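Data first, discussion second: the structure below is written as structure tokens.
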Amino acid sequence: MGNRITDVGKMKRRPGVGNRMRIFDGVKHAKLGTEKNPAVVSVQTESRYKEVTAVFEEKGWKYRIELEPDKPEDISDLTRLLNLPKPRIVEKKVGRNEPCPCGSGRKHKNCCMNKDEQQHP
């Protein structure tokens, strides 16, 4: 298969092409703690059952709790809901033709750009 314009559609659908194209597998994943994807928790004691239920009710999350005394406690979904990942703040990169952040008044490409590339290869 060459890289002709007619082959572009075939290249996208071919497995093992790498990260060029992410193919939607047809399964939508609902947000955890909703009606379609309730949090599943298993606890060992009745008192822990009431404690975990109170947390879910307070936050308004949908849940399913299993009381299983002979299995180890699994509250990973509750932990995931309580400790949501915070969005990452990305530093803005300095463009080639923007003034250099060192304050020299020169363009970045003529001042510190080469120094930055040597420090961060």
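By convention here, the chains of the structure tokens are called A, B, ... in the order presented, each chain's residues are numbered starting at 1, and ligands are numbered starting at 1 in the order presented.
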
Practice item. Give me the residues within 9 Å of Val52 of chain A as a ChimeraX atom specification, counting only C-alpha atoms and dropping any in the same chain fewer than 5 places off. Key: /A:41,43,47,57,65,75,78

Expected file contents, prior selection, N, CA and C atoms, as a CSV table (one decimal), in the first residue's frame:
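Saved result, out-v7.csv, follows:
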chain,number,residue,atom,x,y,z
A,41,VAL,N,-19.1,-0.5,45.5
A,41,VAL,CA,-18.2,-0.6,46.7
A,41,VAL,C,-18.6,-1.9,47.5
A,43,VAL,N,-18.1,-3.7,51.3
A,43,VAL,CA,-17.7,-3.5,52.7
A,43,VAL,C,-17.9,-4.7,53.5
A,47,SER,N,-21.7,-1.3,60.2
A,47,SER,CA,-21.4,0.0,60.5
A,47,SER,C,-20.7,0.8,59.4
A,57,GLU,N,-24.7,9.5,49.9
A,57,GLU,CA,-26.0,10.3,49.9
A,57,GLU,C,-25.7,11.8,50.1
A,65,ILE,N,-23.7,-0.8,47.0
A,65,ILE,CA,-22.8,-1.3,48.0
A,65,ILE,C,-23.1,-2.7,48.3
A,75,ILE,N,-13.1,-0.1,48.4
A,75,ILE,CA,-13.8,1.2,48.2
A,75,ILE,C,-13.0,2.1,47.2
A,78,LEU,N,-15.2,4.9,45.5
A,78,LEU,CA,-15.4,6.0,46.4
A,78,LEU,C,-14.2,6.9,46.5

Check your understanding: What residues in segment 21-92 of chain A get the DSSP label strand (DSSP E)? Please answer as a list of chain:residue names.
Key -> A:Ala39, A:Val40, A:Val41, A:Ser42, A:Val43, A:Tyr63, A:Arg64, A:Ile65, A:Glu66, A:Leu67

Point to revise | Separation of atom CA of Ala30 of chain A from atom CA of Leu81 of chain A, in Å and rounded to one decimal | key: 13.4 Å

Point to revise | Nearest-residue call for Lys71 of chain A, choices A:Thr45, A:Pro85, A:Glu91, A:Lys107, using only C-alpha atoms | key: A:Thr45

Point to revise | Exercise: Thr34 of chain A partners within 10 Å, only C-alpha atoms, chain neighbours under 2 positions left out, as number ranges by chain | key: A: 30-32, 36-39, 60-63

Check your understanding: Which distance in Å separates atom CA of Asn97 of chain A and atom CA of Asn110 of chain A, to one decimal?
Key -> 8.9 Å

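Assigned to helix (DSSP H, G or I) in segment 21-65 of chain A, given DSSP computed from backbone atoms, are Glu46, Ser47, Arg48, Tyr49, Lys50, Glu51, Val52, Thr53, Ala54, Val55, Phe56, Glu57, Glu58 and Lys59 of chain A.
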
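Every protein or nucleic acid residue with an atom no more than 9 Å from Glu66 of chain A, counting only C-alpha atoms and leaving out same-chain residues fewer than 2 positions away, appears here: Val40, Val41, Ser42, Val43, Gln44, Tyr49, Arg64 and Glu68 of chain A.
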
Exercise for review: Find, counting only C-alpha atoms, the residue in A:Lys28, A:Lys59, A:Lys115, A:His108 that gets nearest to Lys93 of chain A.
Suggested key: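 Of all the options, A:His108 lies closest to Lys93 of chain A.
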
Practice item. Name all residues at most 10 Å from Leu82 of chain A (count only C-alpha atoms; drop same-chain ones fewer than 6 positions away) and give them as an NGL selection string. Key: :A and (55-56 or 59 or 76)

Check your understanding: Closest to Glu98 of chain A among A:Lys86, A:Cys111, A:Arg80, A:Ala54, using only C-alpha atoms?
Key ->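 Among the listed residues, the smallest separation from Glu98 of chain A belongs to A:Cys111.
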
Practice item. Quick one: pull the distance between atom CA of Glu73 of chain A and atom CA of Glu46 of chain A, Å, one decimal. Key: 12.2 Å
